[in-house]
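Novice: My questions will all concern the structure given below.
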Amino acid sequence: MNDPVLSLIRPEILALTPYSSARKEASGGKVWLDANENPQTPHAGAPRLNRYPEPQPAEVVARLASLYGVTPDRVLVTRGSDEGIDLLLRAFCRAGQDSIVTTPPTYGMYAVAAGIQGARVITVPLVREKDFALDADAILRAVTPETKLVFLCSPNNPTGQLLDRDAVLRIVTTLATRAVVVVDEAYAEFSTEPSLVQELGAHANLVVLRTLSKAFGLAGARVGVTLASLQLIGVLQKIIAPYPIPAPVVRAALEALSPTAIAAARQSALELVGERRRLTAALAKLPHVRKIWPSDANFLLTEVTDSARVMSIARAAGLVIRDRSKDVPNTVRITIGTRAENDFVLETLARV
Ligand SMILES: Cc1ncc(COP(=O)(O)O)c(C=O)c1O
């Protein structure tokens, strides 16, 4: 095997004969009797859902490819980007042997997916004194021969900042044949930095995760996107469930990916960025707010004098925000809402 990235994949996954679903094997035809479906829809509900959906809905894949500026063979549509994280762990990490690197404080699912797969988690904290910057040298020192995946989240959840692009690319380049670097860009639409998707062609060990859950307002539909080399996408297609994207979700994704809806999503992200600015300025004036980290995402990590008290006042008012104190002491994470919702945040937190 010449491809150094494919040689990092678990041998049993490379050797696996994937399930071949009826919809993958069939082409054309007018009478469909190959998938043990019911030819009728006995219940009254519309739309008809008696047929299995396309394993990878071609039109959704095509629109996502055009949205991100890649060829369709670099796109895998998943049940949220959480499924992309899980598939990567399962493809690369041998239970009890391999490891991943994460950079806390960061998104919790990398470590959970590793735990499910039996992979060790090596943590290299972001540098708090430098507004949670990446320590590229420490990451490179921490990688062992058993490290298969390095998860970098940019903009990072829960701290909000973009990671330094040059530092990320240095890690990708240095690890070219040793590990895959997964850059999770769930919040990219709220920042002005260009996506690392543009670098995919130059780096076979780079994977970018995107999602329609945030700027596209489709969290309820569960549509995530894994972007990678076509060889790696081919391996992930072997292990994803046969029909991961339900027909109603395909319809919702197609609607969200029409030219008008894409323009609306961009407009909505712009508005949220405006509200982020307003909320940051107003929160900074509250006496119990100690620090608000600059955010490139649709949330603010806010350090307060007493997070337990902030949470209890918020709870009593019916305001649901997230206590992040276990990641960063005395912090709460506030998602940017509508103008009225943000006013409610300000009113409520002014009572603390
Ligand atoms: C950084 C990050 N990645 C991935 C996800 C999961 O997104 P999805 O809804 O696409 O599964 C989240 C959700 O909050 C997130 O914060």
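Chain identifiers are assigned as A, B, and so on, following the order in which chains appear in the structure tokens; residues are numbered from 1 within each chain, and ligands are numbered from 1 in order of appearance.
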Within 6 Å of ligand 1, which residues of chain A come that close, and what is the closest atom pair and distance in Å for each? Count only C-alpha atoms and all ligand atoms and give it as CSV.

Specialist:
```
residue,atom,partner,partner_atom_place_in_ligand_line,distance
A:Gly80,CA,ligand 1,11 (O),3.4
A:Ser81,CA,ligand 1,10 (O),3.7
A:Asp82,CA,ligand 1,11 (O),3.9
A:Tyr107,CA,ligand 1,1 (C),5.1
A:Cys153,CA,ligand 1,1 (C),5.8
A:Asn157,CA,ligand 1,1 (C),5.2
A:Asp184,CA,ligand 1,3 (N),5.8
A:Ala186,CA,ligand 1,3 (N),5.1
A:Thr211,CA,ligand 1,10 (O),4.5
A:Ser213,CA,ligand 1,9 (O),4.8
A:Ala219,CA,ligand 1,9 (O),5.4
A:Arg222,CA,ligand 1,9 (O),5.8
A:Val223,CA,ligand 1,10 (O),6.0
A:Gly224,CA,ligand 1,10 (O),4.5
```

Novice: Just to be explicit: take each residue in the selection above, keep C-alpha atoms, and write the result as a short mmCIF file (atom, residue, chain, number, x, y, z; two decimals), in the first residue's frame.

Specialist:
```cif
data_model
loop_
_atom_site.label_atom_id
_atom_site.label_comp_id
_atom_site.auth_asym_id
_atom_site.auth_seq_id
_atom_site.Cartn_x
_atom_site.Cartn_y
_atom_site.Cartn_z
CA GLY A 80 -24.37 15.46 11.97
CA SER A 81 -20.63 16.00 12.05
CA ASP A 82 -20.72 13.92 15.25
CA TYR A 107 -15.57 19.95 21.91
CA CYS A 153 -11.49 22.72 16.39
CA ASN A 157 -15.89 25.31 21.11
CA ASP A 184 -13.58 20.77 12.85
CA ALA A 186 -18.54 23.66 12.66
CA THR A 211 -22.13 20.97 9.43
CA SER A 213 -26.42 22.53 12.22
CA ALA A 219 -29.54 21.19 13.78
CA ARG A 222 -28.69 16.18 11.49
CA VAL A 223 -26.59 16.89 8.43
CA GLY A 224 -22.83 16.84 8.82
#
```

Novice: Can you list, as a ChimeraX atom specification, every protein, DNA or RNA residue that comes within 9 Å of Ala167 (chain A) when you count only C-alpha atoms, leaving out same-chain residues fewer than 5 positions away?

Specialist: /A:134-137,172

Novice: Need to verify the contact set: region 6-14 of chain A, 12 Å, only C-alpha atoms, exclusion of same-chain residues closer than 2 positions in sequence. Can you return it as a PyMOL selection string?

Specialist: chain A and resi 1-4+16-18+87-95+97-99+145-149+175-180+204-205+229-240

Novice: So how many Å separate CA of Gly115 (chain A) and CA of Arg74 (chain A), to one decimal?

Specialist: 27.4 Å

Novice: Per residue of region 218-266 of chain A within 8 Å of region 59-67 of chain A, what are the shortest atom pair and its distance in Å to one decimal, counting only C-alpha atoms, with rows by chain and residue number, as JSON lines?

Specialist:
```
{"residue": "A:Val250", "atom": "CA", "partner": "A:Val60", "partner_atom": "CA", "distance": 7.0}
{"residue": "A:Ala253", "atom": "CA", "partner": "A:Val60", "partner_atom": "CA", "distance": 6.7}
{"residue": "A:Leu254", "atom": "CA", "partner": "A:Val60", "partner_atom": "CA", "distance": 6.0}
{"residue": "A:Leu257", "atom": "CA", "partner": "A:Arg63", "partner_atom": "CA", "distance": 6.5}
```

Novice: Please produce a file of those selected residues containing N, CA and C atoms, as a compact mmCIF listing (two decimals), in the first residue's frame.

Specialist:
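Saved to selection_29.txt:
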```txt
# COMPACT_ATOMS: atom_id res chain seq x y z
N VAL A 250 -33.07 14.57 3.54
CA VAL A 250 -32.57 14.92 2.20
C VAL A 250 -33.35 16.13 1.68
N ALA A 253 -32.31 19.24 3.53
CA ALA A 253 -30.96 19.68 3.13
C ALA A 253 -31.00 20.35 1.76
N LEU A 254 -31.78 19.76 0.83
CA LEU A 254 -31.87 20.37 -0.51
C LEU A 254 -32.46 21.77 -0.42
N LEU A 257 -29.96 24.15 0.87
CA LEU A 257 -28.81 24.35 -0.03
C LEU A 257 -29.22 24.95 -1.37
```

Novice: Go through A:Tyr187, A:Trp32, A:Phe151, A:Tyr52 one by one, measure the shortest atom-to-atom distance of each to Gly217 (chain A) using only C-alpha atoms, and give the residue with the smallest value.

Specialist: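 Smallest separation from Gly217 (chain A) among the options: A:Tyr187.
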
Novice: Run DSSP on the backbone of this structure and report the residues of region 29-201 of chain A it assigns to helix (DSSP H, G or I), as a ChimeraX atom specification.

Specialist: /A:58-68,72-74,80-92,109-117,128-130,136-142,165-174,188-190,196-201

Novice: Extract, using only C-alpha atoms, all DNA, RNA and protein residues at most 12 Å from Ile336 (chain A), discarding same-chain residues fewer than 6 positions from it, and format them as a PyMOL selection string.

Specialist: chain A and resi 160+190+214-215+268-280+295-301+320-321+342-346

Novice: How would the residues just chosen look if you wrote them out with N, CA and C atoms as a compact mmCIF listing (two decimals), in the first residue's frame?

Specialist:
```
# COMPACT_ATOMS: atom_id res chain seq x y z
N GLY A 160 -14.23 29.84 21.44
CA GLY A 160 -14.70 30.76 20.41
C GLY A 160 -13.68 31.22 19.39
N PHE A 190 -19.19 31.84 10.89
CA PHE A 190 -19.25 33.04 11.73
C PHE A 190 -17.92 33.77 11.79
N LYS A 214 -25.35 24.70 12.30
CA LYS A 214 -25.11 26.00 12.95
C LYS A 214 -25.63 27.13 12.06
N ALA A 215 -24.78 27.67 11.15
CA ALA A 215 -25.20 28.82 10.33
C ALA A 215 -26.41 28.48 9.45
N SER A 268 -28.04 35.51 7.74
CA SER A 268 -28.33 35.19 9.14
C SER A 268 -27.03 35.15 9.96
N ALA A 269 -25.97 34.57 9.38
CA ALA A 269 -24.68 34.52 10.09
C ALA A 269 -24.16 35.94 10.31
N LEU A 270 -24.32 36.79 9.30
CA LEU A 270 -23.86 38.19 9.44
C LEU A 270 -24.61 38.89 10.58
N GLU A 271 -25.94 38.65 10.62
CA GLU A 271 -26.73 39.27 11.69
C GLU A 271 -26.27 38.78 13.05
N LEU A 272 -26.00 37.49 13.15
CA LEU A 272 -25.57 36.94 14.44
C LEU A 272 -24.21 37.50 14.84
N VAL A 273 -23.36 37.73 13.84
CA VAL A 273 -22.05 38.34 14.14
C VAL A 273 -22.26 39.76 14.66
N GLY A 274 -23.22 40.49 14.10
CA GLY A 274 -23.54 41.83 14.59
C GLY A 274 -24.04 41.78 16.03
N GLU A 275 -24.90 40.81 16.31
CA GLU A 275 -25.41 40.65 17.67
C GLU A 275 -24.30 40.21 18.63
N ARG A 276 -23.37 39.42 18.11
CA ARG A 276 -22.22 39.00 18.93
C ARG A 276 -21.44 40.22 19.39
N ARG A 277 -21.26 41.14 18.47
CA ARG A 277 -20.53 42.37 18.79
C ARG A 277 -21.29 43.17 19.86
N ARG A 278 -22.60 43.32 19.64
CA ARG A 278 -23.42 44.11 20.56
C ARG A 278 -23.43 43.47 21.95
N LEU A 279 -23.64 42.15 21.98
CA LEU A 279 -23.73 41.45 23.26
C LEU A 279 -22.38 41.51 24.00
N THR A 280 -21.29 41.38 23.25
CA THR A 280 -19.96 41.45 23.87
C THR A 280 -19.79 42.80 24.56
N SER A 295 -14.61 36.17 20.08
CA SER A 295 -15.23 34.99 19.48
C SER A 295 -15.35 35.11 17.97
N ASP A 296 -15.02 34.02 17.28
CA ASP A 296 -15.25 33.90 15.84
C ASP A 296 -16.41 32.95 15.58
N ALA A 297 -17.19 32.66 16.62
CA ALA A 297 -18.27 31.68 16.50
C ALA A 297 -19.60 32.34 16.90
N ASN A 298 -20.64 31.53 17.12
CA ASN A 298 -21.93 32.12 17.49
C ASN A 298 -22.20 31.94 18.99
N PHE A 299 -21.15 32.09 19.77
CA PHE A 299 -21.29 32.02 21.23
C PHE A 299 -20.16 32.80 21.87
N LEU A 300 -20.35 33.11 23.16
CA LEU A 300 -19.33 33.86 23.89
C LEU A 300 -18.97 33.09 25.15
N LEU A 301 -17.69 32.82 25.33
CA LEU A 301 -17.25 32.27 26.60
C LEU A 301 -16.96 33.46 27.52
N VAL A 320 -31.60 29.63 29.54
CA VAL A 320 -30.75 28.43 29.52
C VAL A 320 -29.42 28.77 28.85
N ILE A 321 -28.37 28.81 29.66
CA ILE A 321 -27.02 29.01 29.15
C ILE A 321 -26.17 27.86 29.69
N ASN A 342 -31.16 38.18 23.13
CA ASN A 342 -29.93 38.75 23.69
C ASN A 342 -30.25 39.86 24.70
N ASP A 343 -31.33 40.60 24.43
CA ASP A 343 -31.76 41.62 25.41
C ASP A 343 -32.16 40.92 26.72
N PHE A 344 -32.81 39.79 26.58
CA PHE A 344 -33.22 39.03 27.77
C PHE A 344 -32.00 38.56 28.56
N VAL A 345 -30.97 38.13 27.83
CA VAL A 345 -29.71 37.73 28.49
C VAL A 345 -29.19 38.91 29.31
N LEU A 346 -29.15 40.08 28.68
CA LEU A 346 -28.58 41.27 29.34
C LEU A 346 -29.41 41.66 30.56
```

Novice: What parts of region 101-339 of chain A does DSSP call strand (DSSP E)? I'd like the answer as a VMD selection string.

Specialist: chain A and resid 101 to 102 120 to 123 147 to 153 180 to 184 206 to 211 224 to 227 289 to 292 299 to 304 322 to 323 331 to 335

Novice: Write out as a list in words which residues come within 6 Å of Ser154 (chain A) when counting only C-alpha atoms, dropping same-chain ones fewer than 4 positions away.

Specialist: Leu162, Leu163 and Glu185 of chain A

Novice: Mind dumping the selected residues with C-alpha atoms as a PDB file, in the first residue's frame?

Specialist:
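Final output, saved to selection.pdb:
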```pdb
ATOM      1  CA  LEU A 162      -9.993  30.512  15.386  1.00  0.00           C
ATOM      2  CA  LEU A 163      -6.797  28.533  15.665  1.00  0.00           C
ATOM      3  CA  GLU A 185     -15.011  23.905  11.258  1.00  0.00           C
TER       4      GLU A 185
END
```

Novice: Which neighbours of Ser195 (chain A) fall inside 10 Å, counting only C-alpha atoms, when residues of the same chain fewer than 4 positions from it are skipped, and could you give them as a list in words?

Specialist: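 My reading of the contact set: Tyr68, Ser154, Arg165, Val183, Glu185, Ala188, Glu189, Ser191, Glu199, Val208 and Arg210 of chain A.
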
Novice: List the spatial neighbours of Ala247 (chain A) as a list in words - criterion: any atom at most 12 Å away, only C-alpha atoms, same-chain residues fewer than 6 positions off excluded.

Specialist: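 Skipping anything fewer than 6 positions along the chain leaves Pro47, Arg48, Leu49, Asn50, Arg51, Tyr52, Pro53, Glu54, Pro55, Gln56, Pro57, Val60, Ala221, Ala253 and Leu254 of chain A.
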
Novice: Interatomic distance between CA of Ile139 (chain A) and CA of Val124 (chain A)?

Specialist: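 Value for the CA of Ile139 (chain A)-CA of Val124 (chain A) distance: 6.1 Å.
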
Novice: Tell me which of A:Thr348, A:Pro287, A:Gly337, A:Gly69 sits closest to Met311 (chain A), counting only C-alpha atoms.

Specialist: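 Closest to Met311 (chain A), using only C-alpha atoms: A:Thr348.
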
Novice: Go through A:Ile100, A:Ile262, A:Val310, A:Val143 and flag the residue nearest Asn330 (chain A), using only C-alpha atoms for the distances.

Specialist: A:Val310

Novice: Hey, which of A:Leu152, A:Ala265, A:Lys130, A:Val77 ends up closest to Val249 (chain A)? Count only C-alpha atoms.

Specialist: A:Val77
